[in-house]
Structure formats: C-alpha cells, structure tokens
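Single-structure report; data block below.
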Amino acid sequence: MKRTVDFVRGFERVVVVSHIRPDGDAVGSVSGLVNFLRKRGVEAEGVLKHGVPEIFSFIPGAEGIRTDLPEGQLYILVDASDWERTGFPLPDAPIVRFDHHLTGERYSEYDLLDEEAPSATSLLLRFLRTWDEEGIDLSVAVPLYVGLLTDTGSFKNREGERAFEDALYLIRRGVNPRKISELIFREKPIQMYRLLSLALQTLKVVEGGKVAYMVVRREFFERVNANREHSEGFVEYPLSVRGVLVAMKVEWDPEGYWKVGLRSKDGGPNVAAVAEKFGGGGHYFSAGCRIFGDEKDEDRVINALLEEIRKVLK
Ligand SMILES: [Mn+2]
C-alpha cells in the first residue's frame, strides 16, 4: 500500500479508468479517486467509455467524467480485471490496477489486488487512508460509499466485519446512508419497472428448484422505451426465489452478445467458475460473462449455461 502511494505520488497527470457499462463501484471508484487526487494538486481525469448511468449522476464529480481517453503520465485501472474491459486501446504509458476480482491481468509491481475487499472502493479507501486521511472529505467519501453499497447488494452479499467497518468510517466522514440509499433505490425511472414486468414473465425455476433464470430480450427494451441501464440488478429477482441457490440473468446486448449475470446464495456453488468457462469472471457469489453470437441463439445459450451450472452444483 505504502509503496503504491509513493509510486502514484510521483505523477502529475493521472487518468483513472474503469469498465464499460459501469456499475456503482466503477463510477464510485473513478469519481472518488479523481476527487481525492485533484485536492492533492494532481491533474486527474476520470474516464468511462459508456459514461455515467443516470441513477449515479448525483455522485460528486460524476458530471466531469469523460467518455474519451486523454493523454496521461499514469493510467489507473479500477474495478476491472483487464484493460480490455475499458473499451479503449492500450495507452502508451504505465498502468496500475486496483481491483478486487479473483482473476485478470497484472500491469505493474504496484498493482493493488485484494479479493477480500467487498468493493473496489473499499480497496481504494485503504489506499487513500494510507496516503492522507485528511483528504477523505465528503466528495471522496460519498463515491466510495456508493461503490460499497451497490457492490455488496446493500450489504446483503457480505459476511464479516470489513464492509461494515468501511461503512462506519465513511459515515463518520459525513456520508448520510439513508439519503444515498434513497437516491439509488427509491428514485428508479418508471421504465425500469415496465421492463422488469416483461422480464419477470420469462422467470423459470429449474433443476429441482435450485436454479432460476430470467431473460431480457431486445424487444422488451423497445416495447417500454427502456435502455441498458434499466435492467441493472434484475438478477436479484430470480435469486430471491425460495430454495434457489443459483440465479442468472441472460440479456441480449445490441453490440452482438448475450450478457450473462450469475449469482449464488449462501451454501451455493462458485459461479465465477461458470463465468470463466465462457471467458468471463468475477467472484464466488457474483460473476458474469459475455457470449457472442446471435439473438436467435437464446435457447442454445441458456442450455449451455445450465449445463455448466449443473456441473458446479454437484
Ligand atoms: Mn466491483
């Protein structure tokens, strides 16, 4: 931690980048780190290829995140297992990776990888506390809290103390947890529920009640005038069926692939092993992958996934 702080300190122009189709942890990591670096006098830029989802636009600094990759002396890759996930070509400058995923690429001896961290922002919090605790003001604490809250599924996905210790630390820095939860979970656009009502009609429970899945088809988005942001978190619905151990959401992405989200409950199998079979990755209880192909392949894609799920269920 200390060596990485000293390394990053040596740069004047730093670019912070995370993955395509960013979630709360990606937006929180980029905004929190950029806000901190700017206060330290570093010329920092935050980048997300697909921009900031509307639901996270309240995060301090979100409005300044760019969708193109600027020149920098150092690139910090956050919450992503490899640079390819940013959607940009490799830059001609050093890269360091701060991440909490099990798998992926190493970029430098200063990479910070901690699979125990409940979110990338939790790892980032340790980094920033090592650098200068006084720099963690509300403009840094709020984005870090958003990453922690969303990546832990509102603390449903975590056991042990760390996520709660981090939350307490950030609350003591001024974060209002009720207000942030309301902004994220009680300010949903109505299209999200219209899309959900269509997707729920595809909900199936198989494998003797242990596996549930849901499909989000292209026509659903068109029928209710929804966009890709509106299906975020849908995998929670098949997962919350009583008795289910493994859940998946299978969604057609107009860029030409099936986007698959996988979740496992306490006592369930490692879904990262399933995602890895299809070139994806993630964590034991939460993983994802992309399956390239045709929109008409829906049944074939689902069957291939179910076959791998059956193997890890044994
Ligand atoms: Mn994350």
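Numbering starts fresh at 1 for the residues of each chain in the structure tokens, the chains themselves are lettered A, B, ... in the order given, and ligands are numbered from 1 as they appear.
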Taking only residues of chain A that have an atom at most 10 Å from an atom of ligand 1, what is each one's shortest atom pair and its distance in Å to one decimal, using only C-alpha atoms and all ligand atoms, in chain and number order, as JSON lines?
```
{"residue": "A:Ser18", "atom": "CA", "partner": "ligand 1", "partner_atom_place_in_ligand_line": "1 (Mn)", "distance": 9.9}
{"residue": "A:His19", "atom": "CA", "partner": "ligand 1", "partner_atom_place_in_ligand_line": "1 (Mn)", "distance": 9.8}
{"residue": "A:Pro22", "atom": "CA", "partner": "ligand 1", "partner_atom_place_in_ligand_line": "1 (Mn)", "distance": 9.6}
{"residue": "A:Asp23", "atom": "CA", "partner": "ligand 1", "partner_atom_place_in_ligand_line": "1 (Mn)", "distance": 7.8}
{"residue": "A:Gly24", "atom": "CA", "partner": "ligand 1", "partner_atom_place_in_ligand_line": "1 (Mn)", "distance": 8.0}
{"residue": "A:Asp25", "atom": "CA", "partner": "ligand 1", "partner_atom_place_in_ligand_line": "1 (Mn)", "distance": 4.9}
{"residue": "A:Ala26", "atom": "CA", "partner": "ligand 1", "partner_atom_place_in_ligand_line": "1 (Mn)", "distance": 6.5}
{"residue": "A:Val27", "atom": "CA", "partner": "ligand 1", "partner_atom_place_in_ligand_line": "1 (Mn)", "distance": 9.9}
{"residue": "A:Gly28", "atom": "CA", "partner": "ligand 1", "partner_atom_place_in_ligand_line": "1 (Mn)", "distance": 9.5}
{"residue": "A:Ser29", "atom": "CA", "partner": "ligand 1", "partner_atom_place_in_ligand_line": "1 (Mn)", "distance": 8.7}
{"residue": "A:Val78", "atom": "CA", "partner": "ligand 1", "partner_atom_place_in_ligand_line": "1 (Mn)", "distance": 8.5}
{"residue": "A:Asp79", "atom": "CA", "partner": "ligand 1", "partner_atom_place_in_ligand_line": "1 (Mn)", "distance": 5.0}
{"residue": "A:Ala80", "atom": "CA", "partner": "ligand 1", "partner_atom_place_in_ligand_line": "1 (Mn)", "distance": 7.6}
{"residue": "A:Ser81", "atom": "CA", "partner": "ligand 1", "partner_atom_place_in_ligand_line": "1 (Mn)", "distance": 9.9}
{"residue": "A:Asp99", "atom": "CA", "partner": "ligand 1", "partner_atom_place_in_ligand_line": "1 (Mn)", "distance": 7.5}
{"residue": "A:His100", "atom": "CA", "partner": "ligand 1", "partner_atom_place_in_ligand_line": "1 (Mn)", "distance": 6.6}
{"residue": "A:His101", "atom": "CA", "partner": "ligand 1", "partner_atom_place_in_ligand_line": "1 (Mn)", "distance": 7.5}
{"residue": "A:Ala117", "atom": "CA", "partner": "ligand 1", "partner_atom_place_in_ligand_line": "1 (Mn)", "distance": 9.0}
{"residue": "A:Pro118", "atom": "CA", "partner": "ligand 1", "partner_atom_place_in_ligand_line": "1 (Mn)", "distance": 7.7}
{"residue": "A:Ser119", "atom": "CA", "partner": "ligand 1", "partner_atom_place_in_ligand_line": "1 (Mn)", "distance": 4.8}
{"residue": "A:Ala120", "atom": "CA", "partner": "ligand 1", "partner_atom_place_in_ligand_line": "1 (Mn)", "distance": 4.9}
{"residue": "A:Thr121", "atom": "CA", "partner": "ligand 1", "partner_atom_place_in_ligand_line": "1 (Mn)", "distance": 7.6}
{"residue": "A:Ser122", "atom": "CA", "partner": "ligand 1", "partner_atom_place_in_ligand_line": "1 (Mn)", "distance": 9.3}
{"residue": "A:Leu123", "atom": "CA", "partner": "ligand 1", "partner_atom_place_in_ligand_line": "1 (Mn)", "distance": 9.9}
{"residue": "A:Gly147", "atom": "CA", "partner": "ligand 1", "partner_atom_place_in_ligand_line": "1 (Mn)", "distance": 7.1}
{"residue": "A:Leu148", "atom": "CA", "partner": "ligand 1", "partner_atom_place_in_ligand_line": "1 (Mn)", "distance": 8.3}
{"residue": "A:Thr150", "atom": "CA", "partner": "ligand 1", "partner_atom_place_in_ligand_line": "1 (Mn)", "distance": 8.6}
{"residue": "A:Asp151", "atom": "CA", "partner": "ligand 1", "partner_atom_place_in_ligand_line": "1 (Mn)", "distance": 5.6}
{"residue": "A:Thr152", "atom": "CA", "partner": "ligand 1", "partner_atom_place_in_ligand_line": "1 (Mn)", "distance": 8.8}
{"residue": "A:Gly282", "atom": "CA", "partner": "ligand 1", "partner_atom_place_in_ligand_line": "1 (Mn)", "distance": 8.9}
{"residue": "A:His283", "atom": "CA", "partner": "ligand 1", "partner_atom_place_in_ligand_line": "1 (Mn)", "distance": 9.5}
```
Requested in this report: Considering only C-alpha atoms, return as an MDAnalysis selection string whatever protein or nucleic-acid residues lie within 12 Å of A:Arg178, sequence-local ones (same chain, fewer than 5 positions apart) excluded.
Outcome: chainID A and resid 145:146 149 154 171 183:186
Closest atom pairs, residues of stretch 85-148 of chain A within 9 Å of stretch 60-69 of chain A, only C-alpha atoms, as JSON lines:
```
{"residue": "A:Phe88", "atom": "CA", "partner": "A:Leu69", "partner_atom": "CA", "distance": 7.3}
{"residue": "A:Pro91", "atom": "CA", "partner": "A:Leu69", "partner_atom": "CA", "distance": 8.7}
{"residue": "A:Leu138", "atom": "CA", "partner": "A:Pro60", "partner_atom": "CA", "distance": 8.6}
{"residue": "A:Ser139", "atom": "CA", "partner": "A:Pro60", "partner_atom": "CA", "distance": 5.6}
{"residue": "A:Val140", "atom": "CA", "partner": "A:Pro60", "partner_atom": "CA", "distance": 7.9}
{"residue": "A:Val142", "atom": "CA", "partner": "A:Pro60", "partner_atom": "CA", "distance": 7.4}
{"residue": "A:Pro143", "atom": "CA", "partner": "A:Pro60", "partner_atom": "CA", "distance": 7.0}
```
Output for the residues just chosen: C-alpha atoms as an mmCIF file, in the first residue's frame:
```cif
data_model
loop_
_atom_site.group_PDB
_atom_site.id
_atom_site.type_symbol
_atom_site.label_atom_id
_atom_site.label_comp_id
_atom_site.auth_asym_id
_atom_site.auth_seq_id
_atom_site.Cartn_x
_atom_site.Cartn_y
_atom_site.Cartn_z
ATOM 1 C CA PHE A 88 -10.106 1.585 -25.110
ATOM 2 C CA PRO A 91 -2.208 3.511 -23.721
ATOM 3 C CA LEU A 138 -17.425 14.257 1.570
ATOM 4 C CA SER A 139 -16.595 14.497 -2.161
ATOM 5 C CA VAL A 140 -14.458 11.375 -1.717
ATOM 6 C CA VAL A 142 -19.802 9.663 -0.964
ATOM 7 C CA PRO A 143 -18.476 7.958 -4.133
#
```
Query - atom CA of A:Gly87 to atom CA of A:Gly279, distance in Å rounded to a single decimal - result: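 Computing it gives 16.2 Å between the two atoms.
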Query - Residues flagged strand (DSSP E) by DSSP in stretch 44-246 of chain A, as a list in words - result: Ala44, Glu45, Gly46, Val47, Leu74, Tyr75, Ile76, Leu77, Val78, Ile95, Val96, Arg97, Phe98, Asp99, Leu112, Leu113, Lys204, Val205, Val206, Val211, Ala212, Tyr213, Met214, Val215, Val216 and Val246 of chain A
Requested in this report: Identify which of the residues A:Asn157, A:Asn303, A:Gln201, A:Gln191 lies closest to A:Ser231, counting only C-alpha atoms when measuring atom-to-atom distances.
Outcome: A:Gln191
Query raised in the report: Hey, can you check how far atom CA of A:Tyr110 sits from atom CA of A:Glu159?
Result: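 Rounded to one decimal, the two atoms are 28.3 Å apart.
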When you look at A:Asp294 with a cut-off of 10 Å (counting only C-alpha atoms), what residues show up, excluding the ones that are within fewer than 4 positions of it in the same chain? I need them as an mmCIF file with N, CA and C atoms, in the first residue's frame.
```cif
data_model
loop_
_atom_site.group_PDB
_atom_site.id
_atom_site.type_symbol
_atom_site.label_atom_id
_atom_site.label_comp_id
_atom_site.auth_asym_id
_atom_site.auth_seq_id
_atom_site.Cartn_x
_atom_site.Cartn_y
_atom_site.Cartn_z
ATOM 1 N N TRP A 252 -29.870 -9.796 -24.052
ATOM 2 C CA TRP A 252 -29.283 -9.530 -25.369
ATOM 3 C C TRP A 252 -28.736 -8.106 -25.403
ATOM 4 N N GLY A 256 -24.046 -7.250 -29.952
ATOM 5 C CA GLY A 256 -23.876 -8.565 -30.571
ATOM 6 C C GLY A 256 -23.495 -9.695 -29.637
ATOM 7 N N TYR A 257 -23.934 -9.597 -28.396
ATOM 8 C CA TYR A 257 -23.633 -10.707 -27.484
ATOM 9 C C TYR A 257 -24.720 -10.836 -26.407
ATOM 10 N N TRP A 258 -24.736 -12.017 -25.783
ATOM 11 C CA TRP A 258 -25.596 -12.226 -24.629
ATOM 12 C C TRP A 258 -24.812 -11.863 -23.379
ATOM 13 N N GLU A 298 -30.882 -17.829 -28.230
ATOM 14 C CA GLU A 298 -31.289 -17.760 -26.820
ATOM 15 C C GLU A 298 -31.345 -19.127 -26.126
ATOM 16 N N VAL A 301 -27.867 -20.803 -25.821
ATOM 17 C CA VAL A 301 -27.032 -20.117 -24.831
ATOM 18 C C VAL A 301 -27.459 -20.506 -23.414
#
```
